[in-house]
Amino acid sequence: MYSFAIHPLPLPYVLSLDARPLNAIDSVVIHCTELPDMATAREYGERVLYPSGTGNSGHYYIDHDGRIEEYVPPSRVAHHTHGWNARSIGIELANRGRFPDWLDSRHQAMDAPYPDVQIEALIALLQWLGGQVPTLIQIAGHEDLDQAEVPASDDPSIMVRRKLDPGPQFPWPAVLAAVALRRARC
């Protein structure tokens, strides 16, 4: 049985992220880290990429064992999905995805499974967020909202999707059956 707990681990620049009221949030975006482990995900999240002194990250990260870490509180706008940041909460699931060949046309399979305990943690987090943020009405995968294609790293004449997460192994039916959110699409 899963024991729900959130471990606050704020990013160093969290106070530089824009503040927002919780009632501005209506969506949750599910991602996978596409990295080998949580330590690497943290490293990527701490990278400063913008003049504001901030970088890209989700709000919550869920490891394979179900541990939930909060990098950014929902009252701040995290940079996780272009065009959706101000209105959404980003949840990252530890999963290799296409790592390390994200854009190589020969390595586009997203075949790493999500452990049951990780999905149980996600469902518990989503249910908790529903109580904290009553304006939440929809959930989407990153792949639903960012369908841009870019040249493949191995052959620029081939186009590949920039984002494929959370991918075909993500159990949408089980998650949607357990939460009071509709699936959003672009």
# chains A, B, ... in the order shown; residues from 1 in each chain; ligands from 1

call {"tool": "residues_around", "arguments": {"residues": "Met110 in chain A", "least_positions_apart": "6", "cutoff": "10 Å", "atoms": "only C-alpha atoms", "output": "JSON, numbers by chain"}}
result
{"A": [34, 95, 96, 97, 98, 99, 164, 165, 166, 167, 168, 169, 170]}

call {"tool": "write_last_selection", "arguments": {"atoms": "N, CA and C atoms", "output": "PDB file, in the first residue's frame"}}
result
ATOM      1  N   GLU A  34      12.749  11.618 -19.013  1.00  0.00           N
ATOM      2  CA  GLU A  34      13.632  11.194 -20.107  1.00  0.00           C
ATOM      3  C   GLU A  34      15.099  11.335 -19.703  1.00  0.00           C
ATOM      4  N   ASN A  95      11.620   8.373 -15.636  1.00  0.00           N
ATOM      5  CA  ASN A  95      11.519   7.365 -16.695  1.00  0.00           C
ATOM      6  C   ASN A  95      12.560   7.728 -17.747  1.00  0.00           C
ATOM      7  N   ARG A  96      13.299   6.724 -18.232  1.00  0.00           N
ATOM      8  CA  ARG A  96      14.369   6.967 -19.206  1.00  0.00           C
ATOM      9  C   ARG A  96      13.854   7.514 -20.529  1.00  0.00           C
ATOM     10  N   GLY A  97      12.641   7.165 -20.897  1.00  0.00           N
ATOM     11  CA  GLY A  97      12.132   7.649 -22.177  1.00  0.00           C
ATOM     12  C   GLY A  97      13.076   7.321 -23.313  1.00  0.00           C
ATOM     13  N   ARG A  98      13.486   8.316 -24.052  1.00  0.00           N
ATOM     14  CA  ARG A  98      14.401   8.132 -25.187  1.00  0.00           C
ATOM     15  C   ARG A  98      15.858   8.434 -24.826  1.00  0.00           C
ATOM     16  N   PHE A  99      16.151   8.655 -23.559  1.00  0.00           N
ATOM     17  CA  PHE A  99      17.511   8.992 -23.117  1.00  0.00           C
ATOM     18  C   PHE A  99      18.500   7.925 -23.572  1.00  0.00           C
ATOM     19  N   LEU A 164       7.485  13.355 -26.618  1.00  0.00           N
ATOM     20  CA  LEU A 164       6.666  12.136 -26.721  1.00  0.00           C
ATOM     21  C   LEU A 164       6.192  11.669 -25.343  1.00  0.00           C
ATOM     22  N   ASP A 165       6.414  12.470 -24.335  1.00  0.00           N
ATOM     23  CA  ASP A 165       6.123  12.026 -22.969  1.00  0.00           C
ATOM     24  C   ASP A 165       4.696  12.394 -22.532  1.00  0.00           C
ATOM     25  N   PRO A 166       4.111  11.552 -21.706  1.00  0.00           N
ATOM     26  CA  PRO A 166       4.703  10.435 -20.990  1.00  0.00           C
ATOM     27  C   PRO A 166       4.843   9.156 -21.816  1.00  0.00           C
ATOM     28  N   GLY A 167       4.303   9.108 -23.020  1.00  0.00           N
ATOM     29  CA  GLY A 167       4.531   7.980 -23.906  1.00  0.00           C
ATOM     30  C   GLY A 167       3.499   6.872 -23.808  1.00  0.00           C
ATOM     31  N   PRO A 168       3.655   5.859 -24.659  1.00  0.00           N
ATOM     32  CA  PRO A 168       2.646   4.798 -24.771  1.00  0.00           C
ATOM     33  C   PRO A 168       2.566   3.856 -23.573  1.00  0.00           C
ATOM     34  N   GLN A 169       3.568   3.841 -22.705  1.00  0.00           N
ATOM     35  CA  GLN A 169       3.512   2.975 -21.526  1.00  0.00           C
ATOM     36  C   GLN A 169       2.715   3.607 -20.375  1.00  0.00           C
ATOM     37  N   PHE A 170       2.382   4.879 -20.506  1.00  0.00           N
ATOM     38  CA  PHE A 170       1.647   5.543 -19.434  1.00  0.00           C
ATOM     39  C   PHE A 170       0.213   5.027 -19.388  1.00  0.00           C
TER      40      PHE A 170
END

call {"tool": "residues_around", "arguments": {"residues": "Ser52 in chain A", "least_positions_apart": "6", "cutoff": "12 Å", "atoms": "only C-alpha atoms", "output": "mmCIF file with all heavy atoms, in the first residue's frame"}}
result
data_model
loop_
_atom_site.group_PDB
_atom_site.id
_atom_site.type_symbol
_atom_site.label_atom_id
_atom_site.label_comp_id
_atom_site.auth_asym_id
_atom_site.auth_seq_id
_atom_site.Cartn_x
_atom_site.Cartn_y
_atom_site.Cartn_z
ATOM 1 N N TYR A 13 16.223 28.749 -7.434
ATOM 2 C CA TYR A 13 15.652 29.977 -8.007
ATOM 3 C C TYR A 13 14.134 30.072 -7.829
ATOM 4 O O TYR A 13 13.486 30.922 -8.433
ATOM 5 C CB TYR A 13 16.005 30.085 -9.485
ATOM 6 C CG TYR A 13 15.596 28.906 -10.336
ATOM 7 C CD1 TYR A 13 14.265 28.682 -10.683
ATOM 8 C CD2 TYR A 13 16.548 28.017 -10.816
ATOM 9 C CE1 TYR A 13 13.892 27.600 -11.468
ATOM 10 C CE2 TYR A 13 16.189 26.939 -11.601
ATOM 11 C CZ TYR A 13 14.861 26.741 -11.927
ATOM 12 O OH TYR A 13 14.487 25.670 -12.706
ATOM 13 N N VAL A 14 13.548 29.250 -6.985
ATOM 14 C CA VAL A 14 12.088 29.168 -6.898
ATOM 15 C C VAL A 14 11.443 30.526 -6.630
ATOM 16 O O VAL A 14 10.384 30.833 -7.180
ATOM 17 C CB VAL A 14 11.637 28.094 -5.878
ATOM 18 C CG1 VAL A 14 11.857 28.550 -4.451
ATOM 19 C CG2 VAL A 14 10.192 27.691 -6.103
ATOM 20 N N LEU A 15 12.052 31.379 -5.827
ATOM 21 C CA LEU A 15 11.453 32.682 -5.522
ATOM 22 C C LEU A 15 11.548 33.657 -6.696
ATOM 23 O O LEU A 15 10.892 34.701 -6.681
ATOM 24 C CB LEU A 15 12.075 33.281 -4.267
ATOM 25 C CG LEU A 15 11.804 32.487 -2.985
ATOM 26 C CD1 LEU A 15 12.511 33.135 -1.796
ATOM 27 C CD2 LEU A 15 10.309 32.335 -2.724
ATOM 28 N N SER A 16 12.323 33.327 -7.718
ATOM 29 C CA SER A 16 12.404 34.155 -8.926
ATOM 30 C C SER A 16 11.331 33.780 -9.947
ATOM 31 O O SER A 16 11.141 34.504 -10.928
ATOM 32 C CB SER A 16 13.783 34.018 -9.578
ATOM 33 O OG SER A 16 14.783 34.501 -8.711
ATOM 34 N N LEU A 17 10.638 32.667 -9.731
ATOM 35 C CA LEU A 17 9.538 32.271 -10.610
ATOM 36 C C LEU A 17 8.314 33.124 -10.305
ATOM 37 O O LEU A 17 8.075 33.487 -9.155
ATOM 38 C CB LEU A 17 9.209 30.785 -10.410
ATOM 39 C CG LEU A 17 10.298 29.808 -10.836
ATOM 40 C CD1 LEU A 17 10.002 28.412 -10.290
ATOM 41 C CD2 LEU A 17 10.427 29.783 -12.356
ATOM 42 N N ASP A 18 7.545 33.435 -11.336
ATOM 43 C CA ASP A 18 6.349 34.256 -11.148
ATOM 44 C C ASP A 18 5.390 33.604 -10.157
ATOM 45 O O ASP A 18 5.153 32.392 -10.211
ATOM 46 C CB ASP A 18 5.613 34.467 -12.476
ATOM 47 C CG ASP A 18 6.376 35.370 -13.432
ATOM 48 O OD1 ASP A 18 7.263 36.116 -12.978
ATOM 49 O OD2 ASP A 18 6.070 35.327 -14.645
ATOM 50 N N HIS A 79 8.482 26.376 -15.496
ATOM 51 C CA HIS A 79 8.635 26.299 -16.956
ATOM 52 C C HIS A 79 8.709 24.828 -17.369
ATOM 53 O O HIS A 79 9.761 24.204 -17.274
ATOM 54 C CB HIS A 79 9.912 27.021 -17.387
ATOM 55 C CG HIS A 79 9.961 28.453 -16.969
ATOM 56 N ND1 HIS A 79 9.155 29.420 -17.510
ATOM 57 C CD2 HIS A 79 10.716 29.082 -16.030
ATOM 58 C CE1 HIS A 79 9.413 30.587 -16.943
ATOM 59 N NE2 HIS A 79 10.364 30.405 -16.036
#

call {"tool": "closest_residue", "arguments": {"among": "A:Cys32, A:Ala177, A:Val72, A:Ala184", "to": "Glu46 in chain A", "atoms": "only C-alpha atoms"}}
result
A:Val72

call {"tool": "residues_around", "arguments": {"residues": "range 21-26 of chain A", "least_positions_apart": "6", "cutoff": "12 Å", "atoms": "only C-alpha atoms", "output": "list in words"}}
result
Pro73, Pro74, Ser75, Arg76, Val77, Ala78, Trp84, Asn85, Ala86, Arg87, Ser88, Ile89, Gly90, Leu129, Gly130, Gly131, Gln132, Val133, Pro134, Thr135, Leu136, Ile137, Gln138, Ile139, Ala140, Leu181, Arg182, Arg183 and Ala184 of chain A

call {"tool": "residues_around", "arguments": {"residues": "range 55-62 of chain A", "least_positions_apart": "4", "cutoff": "8 Å", "atoms": "only C-alpha atoms", "output": "JSON, numbers by chain"}}
result
{"A": [44, 45, 46, 47, 48, 49, 50, 66, 67, 68, 69, 70, 71, 72, 73, 74, 78, 79, 80, 89, 90, 91, 92, 93, 94, 118, 121, 122]}

call {"tool": "closest_residue", "arguments": {"among": "A:Trp102, A:Pro171, A:Lys163, A:Phe4", "to": "Glu149 in chain A", "atoms": "only C-alpha atoms"}}
result
A:Lys163

call {"tool": "residues_around", "arguments": {"residues": "Gln147 in chain A", "least_positions_apart": "4", "cutoff": "9 Å", "atoms": "only C-alpha atoms", "output": "PyMOL selection string"}}
result
chain A and resi 142-143+161-164+186

call {"tool": "select_by_dssp", "arguments": {"residues": "chain A", "states": "strand (DSSP E)", "output": "ChimeraX atom specification"}}
result
/A:6-8,27-32,60-62,68-70,88-93,138-141,149-151,159-161,182-183

call {"tool": "closest_residue", "arguments": {"among": "A:Leu145, A:Leu176, A:Val150, A:Ala124", "to": "Ala5 in chain A", "atoms": "only C-alpha atoms"}}
result
A:Ala124

call {"tool": "select_by_dssp", "arguments": {"residues": "chain A", "states": "helix (DSSP H, G or I)", "output": "PyMOL selection string"}}
result
chain A and resi 14-16+22-24+38-46+85-87+116-132+142-145+172-178

call {"tool": "write_last_selection", "arguments": {"atoms": "N, CA and C atoms", "output": "short mmCIF file (atom, residue, chain, number, x, y, z; two decimals), in the first residue's frame"}}
result
data_model
loop_
_atom_site.label_atom_id
_atom_site.label_comp_id
_atom_site.auth_asym_id
_atom_site.auth_seq_id
_atom_site.Cartn_x
_atom_site.Cartn_y
_atom_site.Cartn_z
N VAL A 14 13.55 29.25 -6.98
CA VAL A 14 12.09 29.17 -6.90
C VAL A 14 11.44 30.53 -6.63
N LEU A 15 12.05 31.38 -5.83
CA LEU A 15 11.45 32.68 -5.52
C LEU A 15 11.55 33.66 -6.70
N SER A 16 12.32 33.33 -7.72
CA SER A 16 12.40 34.16 -8.93
C SER A 16 11.33 33.78 -9.95
N LEU A 22 -3.75 30.23 -6.79
CA LEU A 22 -4.09 28.85 -7.12
C LEU A 22 -5.29 28.76 -8.04
N ASN A 23 -6.22 29.73 -7.97
CA ASN A 23 -7.40 29.66 -8.84
C ASN A 23 -7.08 29.99 -10.30
N ALA A 24 -5.81 30.31 -10.61
CA ALA A 24 -5.39 30.50 -12.01
C ALA A 24 -5.05 29.17 -12.67
N MET A 38 16.73 10.40 -10.76
CA MET A 38 16.25 11.64 -10.16
C MET A 38 17.38 12.65 -9.92
N ALA A 39 18.58 12.17 -9.64
CA ALA A 39 19.70 13.09 -9.43
C ALA A 39 19.97 13.90 -10.70
N THR A 40 19.90 13.24 -11.84
CA THR A 40 20.10 13.94 -13.11
C THR A 40 18.94 14.89 -13.38
N ALA A 41 17.73 14.48 -13.04
CA ALA A 41 16.57 15.36 -13.21
C ALA A 41 16.74 16.62 -12.37
N ARG A 42 17.23 16.45 -11.16
CA ARG A 42 17.45 17.61 -10.30
C ARG A 42 18.50 18.53 -10.91
N GLU A 43 19.58 17.94 -11.41
CA GLU A 43 20.64 18.73 -12.06
C GLU A 43 20.06 19.56 -13.21
N TYR A 44 19.23 18.93 -14.04
CA TYR A 44 18.61 19.64 -15.17
C TYR A 44 17.69 20.74 -14.66
N GLY A 45 16.94 20.46 -13.60
CA GLY A 45 16.03 21.46 -13.05
C GLY A 45 16.74 22.67 -12.48
N GLU A 46 17.94 22.49 -11.96
CA GLU A 46 18.68 23.59 -11.36
C GLU A 46 19.40 24.47 -12.39
N ASN A 85 2.29 27.04 -19.06
CA ASN A 85 2.88 27.18 -17.74
C ASN A 85 2.03 27.97 -16.75
N ALA A 86 1.48 29.10 -17.16
CA ALA A 86 0.75 29.97 -16.24
C ALA A 86 -0.51 29.31 -15.69
N ARG A 87 -1.04 28.34 -16.41
CA ARG A 87 -2.32 27.73 -16.00
C ARG A 87 -2.21 26.29 -15.53
N ASP A 116 4.01 0.26 -10.79
CA ASP A 116 2.70 0.46 -10.15
C ASP A 116 2.78 1.47 -9.01
N VAL A 117 3.81 1.38 -8.17
CA VAL A 117 3.91 2.28 -7.03
C VAL A 117 4.09 3.74 -7.49
N GLN A 118 4.73 3.94 -8.61
CA GLN A 118 4.89 5.29 -9.15
C GLN A 118 3.52 5.85 -9.59
N ILE A 119 2.73 5.01 -10.24
CA ILE A 119 1.39 5.43 -10.68
C ILE A 119 0.48 5.62 -9.47
N GLU A 120 0.60 4.79 -8.46
CA GLU A 120 -0.18 4.98 -7.23
C GLU A 120 0.15 6.33 -6.60
N ALA A 121 1.43 6.68 -6.59
CA ALA A 121 1.85 7.97 -6.04
C ALA A 121 1.29 9.11 -6.87
N LEU A 122 1.32 8.97 -8.18
CA LEU A 122 0.77 10.00 -9.07
C LEU A 122 -0.72 10.19 -8.78
N ILE A 123 -1.46 9.11 -8.69
CA ILE A 123 -2.91 9.20 -8.43
C ILE A 123 -3.15 9.87 -7.08
N ALA A 124 -2.40 9.49 -6.06
CA ALA A 124 -2.55 10.11 -4.74
C ALA A 124 -2.26 11.61 -4.82
N LEU A 125 -1.20 11.98 -5.54
CA LEU A 125 -0.86 13.40 -5.70
C LEU A 125 -1.97 14.14 -6.44
N LEU A 126 -2.48 13.57 -7.51
CA LEU A 126 -3.56 14.21 -8.27
C LEU A 126 -4.81 14.39 -7.42
N GLN A 127 -5.14 13.38 -6.63
CA GLN A 127 -6.31 13.49 -5.76
C GLN A 127 -6.10 14.58 -4.71
N TRP A 128 -4.91 14.64 -4.13
CA TRP A 128 -4.59 15.68 -3.16
C TRP A 128 -4.65 17.06 -3.80
N LEU A 129 -4.07 17.20 -5.01
CA LEU A 129 -4.09 18.48 -5.70
C LEU A 129 -5.52 18.92 -5.99
N GLY A 130 -6.40 17.97 -6.30
CA GLY A 130 -7.81 18.30 -6.54
C GLY A 130 -8.44 18.98 -5.33
N GLY A 131 -8.03 18.59 -4.14
CA GLY A 131 -8.52 19.23 -2.92
C GLY A 131 -7.87 20.58 -2.66
N GLN A 132 -6.62 20.74 -3.05
CA GLN A 132 -5.88 21.98 -2.83
C GLN A 132 -6.20 23.04 -3.88
N HIS A 142 2.43 15.78 -21.97
CA HIS A 142 3.23 16.76 -22.69
C HIS A 142 3.09 16.56 -24.19
N GLU A 143 3.02 15.31 -24.61
CA GLU A 143 2.88 14.97 -26.02
C GLU A 143 1.58 15.49 -26.62
N ASP A 144 0.54 15.67 -25.77
CA ASP A 144 -0.73 16.20 -26.25
C ASP A 144 -0.65 17.68 -26.57
N LEU A 145 0.20 18.40 -25.85
CA LEU A 145 0.24 19.86 -25.93
C LEU A 145 1.40 20.40 -26.76
N TRP A 172 -3.04 5.72 -19.10
CA TRP A 172 -4.09 6.73 -19.08
C TRP A 172 -5.42 6.20 -18.53
N PRO A 173 -5.92 5.04 -18.97
CA PRO A 173 -7.23 4.59 -18.46
C PRO A 173 -7.28 4.47 -16.94
N ALA A 174 -6.24 3.93 -16.32
CA ALA A 174 -6.22 3.76 -14.87
C ALA A 174 -6.18 5.11 -14.17
N VAL A 175 -5.38 6.03 -14.67
CA VAL A 175 -5.26 7.35 -14.04
C VAL A 175 -6.57 8.12 -14.18
N LEU A 176 -7.13 8.14 -15.38
CA LEU A 176 -8.37 8.88 -15.59
C LEU A 176 -9.53 8.30 -14.79
N ALA A 177 -9.54 7.00 -14.59
CA ALA A 177 -10.60 6.37 -13.80
C ALA A 177 -10.50 6.73 -12.32
N ALA A 178 -9.31 7.13 -11.87
CA ALA A 178 -9.08 7.39 -10.44
C ALA A 178 -9.18 8.85 -10.04
#

call {"tool": "closest_residue", "arguments": {"among": "A:Ala152, A:Leu103, A:Thr81, A:Tyr114", "to": "Ser27 in chain A", "atoms": "only C-alpha atoms"}}
result
A:Thr81

call {"tool": "atom_distance", "arguments": {"atom1": "CA of Asp65 in chain A", "atom2": "CA of Thr33 in chain A"}}
result
14.8 Å

call {"tool": "atom_distance", "arguments": {"atom1": "CA of Ser3 in chain A", "atom2": "CA of Ala112 in chain A"}}
result
24.0 Å

call {"tool": "residues_around", "arguments": {"residues": "Asp155 in chain A", "least_positions_apart": "5", "cutoff": "10 Å", "atoms": "only C-alpha atoms", "output": "PyMOL selection string"}}
result
chain A and resi 103-106

call {"tool": "write_last_selection", "arguments": {"atoms": "all heavy atoms", "output": "JSON list (two decimals), in the first residue's frame"}}
result
[["chain", "number", "residue", "atom", "x", "y", "z"],
["A", 103, "LEU", "N", 16.45, 12.77, -29.84],
["A", 103, "LEU", "CA", 16.00, 13.16, -31.17],
["A", 103, "LEU", "C", 16.58, 12.30, -32.29],
["A", 103, "LEU", "O", 16.44, 12.63, -33.47],
["A", 103, "LEU", "CB", 16.31, 14.64, -31.41],
["A", 103, "LEU", "CG", 15.64, 15.60, -30.42],
["A", 103, "LEU", "CD1", 16.05, 17.03, -30.71],
["A", 103, "LEU", "CD2", 14.13, 15.44, -30.42],
["A", 104, "ASP", "N", 17.21, 11.20, -31.96],
["A", 104, "ASP", "CA", 17.74, 10.27, -32.96],
["A", 104, "ASP", "C", 16.57, 9.47, -33.54],
["A", 104, "ASP", "O", 15.83, 8.83, -32.79],
["A", 104, "ASP", "CB", 18.75, 9.32, -32.30],
["A", 104, "ASP", "CG", 19.49, 8.46, -33.30],
["A", 104, "ASP", "OD1", 18.83, 7.85, -34.18],
["A", 104, "ASP", "OD2", 20.72, 8.36, -33.20],
["A", 105, "SER", "N", 16.40, 9.52, -34.84],
["A", 105, "SER", "CA", 15.23, 8.87, -35.47],
["A", 105, "SER", "C", 15.21, 7.36, -35.24],
["A", 105, "SER", "O", 14.16, 6.74, -35.31],
["A", 105, "SER", "CB", 15.20, 9.16, -36.97],
["A", 105, "SER", "OG", 16.29, 8.54, -37.63],
["A", 106, "ARG", "N", 16.36, 6.77, -34.93],
["A", 106, "ARG", "CA", 16.43, 5.32, -34.71],
["A", 106, "ARG", "C", 16.11, 4.93, -33.27],
["A", 106, "ARG", "O", 16.07, 3.75, -32.94],
["A", 106, "ARG", "CB", 17.83, 4.82, -35.07],
["A", 106, "ARG", "CG", 18.20, 5.09, -36.53],
["A", 106, "ARG", "CD", 19.69, 5.00, -36.75],
["A", 106, "ARG", "NE", 20.33, 6.06, -35.95],
["A", 106, "ARG", "CZ", 21.64, 6.28, -35.91],
["A", 106, "ARG", "NH1", 22.45, 5.52, -36.60],
["A", 106, "ARG", "NH2", 22.14, 7.25, -35.18]]

call {"tool": "atom_distance", "arguments": {"atom1": "CA of Gly141 in chain A", "atom2": "CA of Val28 in chain A"}}
result
8.5 Å

call {"tool": "decode", "arguments": {"residues": "range 167-177 of chain A", "atoms": "all heavy atoms", "output": "PDB file, in the first residue's frame"}}
result
ATOM      1  N   GLY A 167       4.303   9.108 -23.020  1.00  0.00           N
ATOM      2  CA  GLY A 167       4.531   7.980 -23.906  1.00  0.00           C
ATOM      3  C   GLY A 167       3.499   6.872 -23.808  1.00  0.00           C
ATOM      4  O   GLY A 167       2.584   6.905 -22.988  1.00  0.00           O
ATOM      5  N   PRO A 168       3.655   5.859 -24.659  1.00  0.00           N
ATOM      6  CA  PRO A 168       2.646   4.798 -24.771  1.00  0.00           C
ATOM      7  C   PRO A 168       2.566   3.856 -23.573  1.00  0.00           C
ATOM      8  O   PRO A 168       1.565   3.152 -23.426  1.00  0.00           O
ATOM      9  CB  PRO A 168       3.074   4.034 -26.026  1.00  0.00           C
ATOM     10  CG  PRO A 168       4.543   4.295 -26.144  1.00  0.00           C
ATOM     11  CD  PRO A 168       4.751   5.684 -25.621  1.00  0.00           C
ATOM     12  N   GLN A 169       3.568   3.841 -22.705  1.00  0.00           N
ATOM     13  CA  GLN A 169       3.512   2.975 -21.526  1.00  0.00           C
ATOM     14  C   GLN A 169       2.715   3.607 -20.375  1.00  0.00           C
ATOM     15  O   GLN A 169       2.416   2.932 -19.384  1.00  0.00           O
ATOM     16  CB  GLN A 169       4.929   2.642 -21.039  1.00  0.00           C
ATOM     17  CG  GLN A 169       5.753   1.868 -22.032  1.00  0.00           C
ATOM     18  CD  GLN A 169       5.155   0.506 -22.329  1.00  0.00           C
ATOM     19  OE1 GLN A 169       4.684  -0.180 -21.437  1.00  0.00           O
ATOM     20  NE2 GLN A 169       5.157   0.128 -23.585  1.00  0.00           N
ATOM     21  N   PHE A 170       2.382   4.879 -20.506  1.00  0.00           N
ATOM     22  CA  PHE A 170       1.647   5.543 -19.434  1.00  0.00           C
ATOM     23  C   PHE A 170       0.213   5.027 -19.388  1.00  0.00           C
ATOM     24  O   PHE A 170      -0.476   5.009 -20.405  1.00  0.00           O
ATOM     25  CB  PHE A 170       1.657   7.058 -19.628  1.00  0.00           C
ATOM     26  CG  PHE A 170       1.008   7.801 -18.495  1.00  0.00           C
ATOM     27  CD1 PHE A 170       1.671   7.942 -17.288  1.00  0.00           C
ATOM     28  CD2 PHE A 170      -0.264   8.318 -18.622  1.00  0.00           C
ATOM     29  CE1 PHE A 170       1.073   8.608 -16.233  1.00  0.00           C
ATOM     30  CE2 PHE A 170      -0.868   8.986 -17.577  1.00  0.00           C
ATOM     31  CZ  PHE A 170      -0.199   9.129 -16.372  1.00  0.00           C
ATOM     32  N   PRO A 171      -0.283   4.630 -18.214  1.00  0.00           N
ATOM     33  CA  PRO A 171      -1.612   4.013 -18.109  1.00  0.00           C
ATOM     34  C   PRO A 171      -2.755   5.031 -18.001  1.00  0.00           C
ATOM     35  O   PRO A 171      -3.390   5.178 -16.950  1.00  0.00           O
ATOM     36  CB  PRO A 171      -1.481   3.173 -16.835  1.00  0.00           C
ATOM     37  CG  PRO A 171      -0.548   3.970 -15.978  1.00  0.00           C
ATOM     38  CD  PRO A 171       0.447   4.574 -16.949  1.00  0.00           C
ATOM     39  N   TRP A 172      -3.036   5.717 -19.096  1.00  0.00           N
ATOM     40  CA  TRP A 172      -4.088   6.726 -19.078  1.00  0.00           C
ATOM     41  C   TRP A 172      -5.422   6.202 -18.535  1.00  0.00           C
ATOM     42  O   TRP A 172      -6.045   6.878 -17.702  1.00  0.00           O
ATOM     43  CB  TRP A 172      -4.283   7.331 -20.465  1.00  0.00           C
ATOM     44  CG  TRP A 172      -3.270   8.388 -20.789  1.00  0.00           C
ATOM     45  CD1 TRP A 172      -2.256   8.310 -21.692  1.00  0.00           C
ATOM     46  CD2 TRP A 172      -3.170   9.682 -20.188  1.00  0.00           C
ATOM     47  NE1 TRP A 172      -1.531   9.478 -21.686  1.00  0.00           N
ATOM     48  CE2 TRP A 172      -2.078  10.343 -20.780  1.00  0.00           C
ATOM     49  CE3 TRP A 172      -3.898  10.350 -19.207  1.00  0.00           C
ATOM     50  CZ2 TRP A 172      -1.693  11.628 -20.431  1.00  0.00           C
ATOM     51  CZ3 TRP A 172      -3.523  11.641 -18.855  1.00  0.00           C
ATOM     52  CH2 TRP A 172      -2.426  12.261 -19.468  1.00  0.00           C
ATOM     53  N   PRO A 173      -5.922   5.044 -18.968  1.00  0.00           N
ATOM     54  CA  PRO A 173      -7.232   4.594 -18.463  1.00  0.00           C
ATOM     55  C   PRO A 173      -7.279   4.475 -16.938  1.00  0.00           C
ATOM     56  O   PRO A 173      -8.250   4.913 -16.312  1.00  0.00           O
ATOM     57  CB  PRO A 173      -7.437   3.240 -19.141  1.00  0.00           C
ATOM     58  CG  PRO A 173      -6.630   3.329 -20.403  1.00  0.00           C
ATOM     59  CD  PRO A 173      -5.416   4.154 -20.024  1.00  0.00           C
ATOM     60  N   ALA A 174      -6.243   3.926 -16.325  1.00  0.00           N
ATOM     61  CA  ALA A 174      -6.224   3.761 -14.869  1.00  0.00           C
ATOM     62  C   ALA A 174      -6.176   5.114 -14.166  1.00  0.00           C
ATOM     63  O   ALA A 174      -6.869   5.330 -13.164  1.00  0.00           O
ATOM     64  CB  ALA A 174      -5.033   2.906 -14.441  1.00  0.00           C
ATOM     65  N   VAL A 175      -5.377   6.032 -14.671  1.00  0.00           N
ATOM     66  CA  VAL A 175      -5.262   7.348 -14.041  1.00  0.00           C
ATOM     67  C   VAL A 175      -6.569   8.121 -14.184  1.00  0.00           C
ATOM     68  O   VAL A 175      -7.090   8.675 -13.214  1.00  0.00           O
ATOM     69  CB  VAL A 175      -4.066   8.134 -14.626  1.00  0.00           C
ATOM     70  CG1 VAL A 175      -4.063   9.579 -14.136  1.00  0.00           C
ATOM     71  CG2 VAL A 175      -2.751   7.444 -14.271  1.00  0.00           C
ATOM     72  N   LEU A 176      -7.129   8.140 -15.382  1.00  0.00           N
ATOM     73  CA  LEU A 176      -8.372   8.882 -15.593  1.00  0.00           C
ATOM     74  C   LEU A 176      -9.534   8.305 -14.786  1.00  0.00           C
ATOM     75  O   LEU A 176     -10.408   9.051 -14.332  1.00  0.00           O
ATOM     76  CB  LEU A 176      -8.720   8.923 -17.082  1.00  0.00           C
ATOM     77  CG  LEU A 176      -7.776   9.772 -17.937  1.00  0.00           C
ATOM     78  CD1 LEU A 176      -8.075   9.579 -19.411  1.00  0.00           C
ATOM     79  CD2 LEU A 176      -7.854  11.241 -17.547  1.00  0.00           C
ATOM     80  N   ALA A 177      -9.536   6.997 -14.589  1.00  0.00           N
ATOM     81  CA  ALA A 177     -10.601   6.369 -13.795  1.00  0.00           C
ATOM     82  C   ALA A 177     -10.499   6.732 -12.317  1.00  0.00           C
ATOM     83  O   ALA A 177     -11.503   6.689 -11.599  1.00  0.00           O
ATOM     84  CB  ALA A 177     -10.553   4.853 -13.961  1.00  0.00           C
TER      85      ALA A 177
END
